[in-house]
>>> print(open('structure06.txt').read())   # compact mmCIF, C-alpha atoms
# COMPACT_ATOMS: atom_id res chain seq x y z
CA MET A 1 39.51 25.44 152.15
CA VAL A 2 39.00 28.56 150.05
CA LYS A 3 37.29 31.47 151.76
CA LEU A 4 35.12 33.66 149.64
CA GLN A 5 35.37 37.31 150.40
CA VAL A 6 32.23 39.33 150.27
CA ASP A 7 32.60 42.89 149.09
CA GLY A 8 31.04 44.82 151.96
CA ARG A 9 30.37 47.90 149.83
CA LYS A 10 28.51 45.87 147.23
CA ALA A 11 26.42 44.11 149.89
CA ARG A 12 25.59 47.45 151.56
CA GLY A 13 24.72 48.95 148.17
CA GLU A 14 22.32 46.07 147.40
CA LYS A 15 20.79 46.37 150.86
CA ARG A 16 20.27 50.11 150.34
CA ARG A 17 18.69 49.56 146.90
CA THR A 18 16.32 47.01 148.45
CA GLU A 19 15.41 49.47 151.22
CA LEU A 20 14.73 52.21 148.66
CA ILE A 21 12.52 49.90 146.58
CA ALA A 22 10.58 48.90 149.70
CA ALA A 23 10.16 52.57 150.64
CA THR A 24 8.93 53.34 147.11
CA LEU A 25 6.33 50.61 147.34
CA ARG A 26 5.12 51.91 150.72
CA ILE A 27 4.73 55.40 149.23
CA ILE A 28 2.76 54.02 146.28
CA GLU A 29 0.52 52.10 148.71
CA ARG A 30 -0.15 55.28 150.68
CA ASP A 31 -0.05 58.07 148.08
CA GLY A 32 0.00 56.46 144.64
CA VAL A 33 2.73 56.76 142.03
CA ALA A 34 2.23 60.54 141.99
CA GLY A 35 3.67 60.63 145.52
CA VAL A 36 7.02 59.15 144.46
CA THR A 37 9.88 61.64 144.35
CA HIS A 38 13.53 61.23 145.28
CA ARG A 39 12.82 63.28 148.42
CA THR A 40 9.77 61.30 149.54
CA VAL A 41 11.53 57.98 148.99
CA ALA A 42 14.60 59.18 150.91
CA ALA A 43 12.43 60.41 153.78
CA GLU A 44 10.47 57.13 153.86
CA ALA A 45 13.69 55.11 153.88
CA GLY A 46 15.35 57.41 156.43
CA VAL A 47 18.33 58.19 154.20
CA PRO A 48 19.69 61.35 152.57
CA THR A 49 18.19 62.28 149.17
CA THR A 50 21.62 61.85 147.61
CA SER A 51 21.34 58.15 148.40
CA THR A 52 18.30 57.76 146.15
CA THR A 53 19.88 59.65 143.27
CA TYR A 54 23.11 57.65 143.68
CA HIS A 55 21.31 54.31 143.36
CA PHE A 56 18.61 55.45 140.90
CA SER A 57 19.53 58.32 138.59
CA SER A 58 15.93 58.92 137.57
CA LEU A 59 12.48 58.26 138.98
CA ASP A 60 11.83 55.97 136.02
CA ASP A 61 14.86 53.86 137.06
CA LEU A 62 13.43 53.65 140.57
CA LEU A 63 9.95 52.77 139.30
CA VAL A 64 11.35 50.12 136.94
CA ALA A 65 13.34 48.55 139.80
CA THR A 66 10.23 48.61 142.01
CA LEU A 67 8.11 47.11 139.24
CA ILE A 68 10.68 44.35 138.63
CA SER A 69 10.76 43.58 142.35
CA CYS A 70 6.94 43.41 142.44
CA ALA A 71 6.92 41.26 139.29
CA ARG A 72 9.29 38.77 140.90
CA ASP A 73 7.19 38.66 144.08
CA MET A 74 3.91 38.38 142.16
CA ALA A 75 5.24 35.66 139.87
CA THR A 76 6.45 33.65 142.86
CA GLU A 77 3.11 34.06 144.63
CA VAL A 78 1.09 33.05 141.56
CA TYR A 79 3.45 30.13 140.92
CA TRP A 80 2.76 28.75 144.41
CA MET A 81 -0.94 29.38 143.90
CA ILE A 82 -0.95 27.33 140.70
CA ASP A 83 1.25 24.62 142.17
CA ARG A 84 -1.05 24.21 145.19
CA ALA A 85 -4.15 24.20 143.01
CA ARG A 86 -2.74 21.46 140.77
CA SER A 87 -1.52 19.26 143.57
CA ARG A 88 -4.60 19.58 145.75
CA GLY A 89 -7.47 19.59 143.26
CA SER A 90 -10.55 21.28 144.68
CA ARG A 91 -8.70 22.03 147.93
CA GLY A 92 -6.22 24.00 145.79
CA ALA A 93 -9.02 26.16 144.44
CA GLU A 94 -10.00 26.89 148.03
CA GLU A 95 -6.43 27.99 148.80
CA VAL A 96 -6.20 30.15 145.68
CA ALA A 97 -9.49 31.85 146.62
CA ALA A 98 -8.14 32.43 150.14
CA LEU A 99 -4.93 33.98 148.77
CA LEU A 100 -6.95 36.27 146.48
CA ALA A 101 -9.19 37.29 149.39
CA GLU A 102 -6.06 38.09 151.41
CA ALA A 103 -4.66 40.17 148.53
CA LEU A 104 -7.92 42.13 148.40
CA GLY A 105 -8.42 42.40 152.16
CA PRO A 106 -5.47 42.74 154.53
CA ARG A 107 -2.95 43.22 151.67
CA ARG A 108 -5.20 45.51 149.62
CA GLY A 109 -2.77 48.46 149.71
CA ARG A 110 0.10 46.35 148.40
CA THR A 111 -2.08 44.83 145.66
CA MET A 112 -3.28 48.28 144.64
CA ALA A 113 0.31 49.60 144.54
CA GLU A 114 1.43 46.68 142.37
CA TYR A 115 -1.40 47.21 139.89
CA GLU A 116 -0.86 50.96 139.82
CA LEU A 117 2.77 50.35 138.86
CA TYR A 118 1.72 47.69 136.36
CA LEU A 119 -0.79 50.04 134.68
CA LEU A 120 1.68 52.94 134.65
CA ALA A 121 3.45 51.02 131.90
CA ALA A 122 0.51 51.80 129.60
CA ARG A 123 1.52 55.47 129.77
CA LYS A 124 5.29 55.01 130.02
CA PRO A 125 6.73 52.75 127.31
CA GLU A 126 10.04 52.49 129.18
CA LEU A 127 8.24 50.58 131.94
CA ARG A 128 6.58 48.05 129.62
CA PRO A 129 9.39 45.46 129.59
CA ALA A 130 9.33 45.43 133.40
CA ALA A 131 5.52 45.15 133.43
CA ARG A 132 5.59 42.21 131.00
CA ARG A 133 8.35 40.56 132.97
CA TRP A 134 6.03 38.99 135.55
CA LEU A 135 4.21 37.08 132.82
CA ASP A 136 7.51 36.01 131.27
CA VAL A 137 8.90 34.87 134.64
CA LEU A 138 5.71 33.04 135.51
CA THR A 139 5.46 31.36 132.12
CA SER A 140 9.01 30.10 132.47
CA MET A 141 8.41 28.84 136.04
CA VAL A 142 5.15 26.96 135.52
CA ARG A 143 4.78 23.85 133.42
CA HIS A 144 1.53 23.97 131.52
CA ASP A 145 0.13 21.81 128.78
CA ASP A 146 -2.26 24.33 127.33
CA GLU A 147 -0.88 27.82 126.68
CA VAL A 148 -4.34 29.29 126.06
CA ALA A 149 -5.84 27.82 129.25
CA PHE A 150 -2.85 29.09 131.23
CA ARG A 151 -3.23 32.62 129.85
CA VAL A 152 -6.99 32.50 130.55
CA PHE A 153 -6.23 31.52 134.16
CA LEU A 154 -3.77 34.41 134.57
CA ALA A 155 -6.16 36.89 132.93
CA GLY A 156 -8.92 35.64 135.21
CA ILE A 157 -6.76 36.17 138.29
CA ASP A 158 -5.90 39.69 137.08
CA GLY A 159 -9.57 40.40 136.47
CA LEU A 160 -10.61 39.13 139.90
CA LEU A 161 -7.98 41.27 141.58
CA ILE A 162 -8.82 44.43 139.64
CA GLN A 163 -12.56 43.96 140.17
CA GLY A 164 -11.93 43.30 143.85
CA LEU A 165 -9.94 46.52 144.16
CA ILE A 166 -12.84 48.62 142.90
CA ASP A 167 -15.47 46.88 145.03
CA ASP A 168 -16.70 48.77 148.08
CA GLY A 169 -15.60 45.88 150.28
CA PRO A 170 -13.21 43.01 149.63
CA PRO A 171 -14.77 39.77 148.41
CA SER A 172 -14.50 36.75 150.67
CA ALA A 173 -12.77 33.53 149.71
CA ASP A 174 -16.23 31.90 149.55
CA GLU A 175 -17.37 34.49 147.00
CA LEU A 176 -14.24 34.00 144.89
CA ARG A 177 -14.21 30.20 145.07
CA PRO A 178 -16.74 29.44 142.27
CA VAL A 179 -14.82 31.63 139.82
CA VAL A 180 -11.47 30.08 140.80
CA ASP A 181 -13.03 26.60 140.40
CA TYR A 182 -14.13 27.57 136.91
CA LEU A 183 -10.71 28.98 135.98
CA LEU A 184 -8.99 25.80 137.14
CA LYS A 185 -11.40 23.44 135.39
CA PRO A 186 -9.59 21.26 132.83
CA ARG A 187 -10.52 22.17 129.28
>>> encode(input="structure06.txt", output="structure tokens")
Amino acid sequence: MVKLQVDGRKARGEKRRTELIAATLRIIERDGVAGVTHRTVAAEAGVPTTSTTYHFSSLDDLLVATLISCARDMATEVYWMIDRARSRGSRGAEEVAALLAEALGPRRGRTMAEYELYLLAARKPELRPAARRWLDVLTSMVRHDDEVAFRVFLAGIDGLLIQGLIDDGPPSADELRPVVDYLLKPR
């Protein structure tokens, strides 16, 4: 039997990077992207500032890594949403509406942080590949027969989330359900 040796330094380095990305996302939730500095991220993560600059030489590197992490999480979440909707018909639409209501209610801060990062790419061209990545990942994960209908569905989900973020109060799953039903309707 061959034993694989794990490089402890590499594993600790990856763990630290993950912690720094999570701290960055918490800061964006609380203070927006403007609140992200090497110092604030280090303080949030409970590590020395040198740790942030060691793992991410610039704030843009840190923001790109955070955006890529969010893109992966968002793509996975939307993938499961689509998969449930397809396999459960109208019950799937109910579940998608519930997930959207959760994203706009209890998880509102996280959703707002993800969209703030996503929209930052409009101002910072170096972030655009990371911002587009979630669509690329999702498109590669989900089998779809109609490219246009799939993009309409994704644009509709984006629109519902953005509109929900600017509402005075989060919409309920019951309020979102008719729109989700429409988006999922076969064309």
>>> closest_residue(input="structure06.txt", among="A:Asp73, A:Asp136, A:Asp167, A:Glu147", to="A:Gly105", atoms="all atoms listed in the file")
A:Asp167
>>> residues_around(input="structure06.txt", residues="stretch 40-49 of chain A", least_positions_apart="3", cutoff="12 Å", atoms="all atoms listed in the file", output="PyMOL selection string")
chain A and resi 15-28+30-37+52-57+59+62-63+66
>>> write_last_selection(input="structure06.txt", atoms="C-alpha atoms", output="compact mmCIF listing (two decimals), in the coordinates of the input")
# COMPACT_ATOMS: atom_id res chain seq x y z
CA LYS A 15 20.79 46.37 150.86
CA ARG A 16 20.27 50.11 150.34
CA ARG A 17 18.69 49.56 146.90
CA THR A 18 16.32 47.01 148.45
CA GLU A 19 15.41 49.47 151.22
CA LEU A 20 14.73 52.21 148.66
CA ILE A 21 12.52 49.90 146.58
CA ALA A 22 10.58 48.90 149.70
CA ALA A 23 10.16 52.57 150.64
CA THR A 24 8.93 53.34 147.11
CA LEU A 25 6.33 50.61 147.34
CA ARG A 26 5.12 51.91 150.72
CA ILE A 27 4.73 55.40 149.23
CA ILE A 28 2.76 54.02 146.28
CA ARG A 30 -0.15 55.28 150.68
CA ASP A 31 -0.05 58.07 148.08
CA GLY A 32 0.00 56.46 144.64
CA VAL A 33 2.73 56.76 142.03
CA ALA A 34 2.23 60.54 141.99
CA GLY A 35 3.67 60.63 145.52
CA VAL A 36 7.02 59.15 144.46
CA THR A 37 9.88 61.64 144.35
CA THR A 52 18.30 57.76 146.15
CA THR A 53 19.88 59.65 143.27
CA TYR A 54 23.11 57.65 143.68
CA HIS A 55 21.31 54.31 143.36
CA PHE A 56 18.61 55.45 140.90
CA SER A 57 19.53 58.32 138.59
CA LEU A 59 12.48 58.26 138.98
CA LEU A 62 13.43 53.65 140.57
CA LEU A 63 9.95 52.77 139.30
CA THR A 66 10.23 48.61 142.01
>>> residues_around(input="structure06.txt", residues="A:Gly169", least_positions_apart="3", cutoff="10 Å", atoms="all atoms listed in the file", output="short mmCIF file (atom, residue, chain, number, x, y, z; two decimals) with C-alpha atoms, in the frame of the given file")
data_model
loop_
_atom_site.label_atom_id
_atom_site.label_comp_id
_atom_site.auth_asym_id
_atom_site.auth_seq_id
_atom_site.Cartn_x
_atom_site.Cartn_y
_atom_site.Cartn_z
CA LEU A 104 -7.92 42.13 148.40
CA GLY A 105 -8.42 42.40 152.16
CA GLY A 164 -11.93 43.30 143.85
CA LEU A 165 -9.94 46.52 144.16
CA ILE A 166 -12.84 48.62 142.90
CA SER A 172 -14.50 36.75 150.67
#
>>> closest_residue(input="structure06.txt", among="A:Leu161, A:Leu127, A:Ala11, A:Val152", to="A:Ala97", atoms="all atoms listed in the file")
A:Leu161
>>> closest_residue(input="structure06.txt", among="A:Pro186, A:Ala101, A:Pro129, A:Leu135", to="A:Ala173", atoms="all atoms listed in the file")
A:Ala101
>>> closest_residue(input="structure06.txt", among="A:Pro125, A:Ser69, A:His38, A:Leu184", to="A:Arg151", atoms="all atoms listed in the file")
A:Leu184
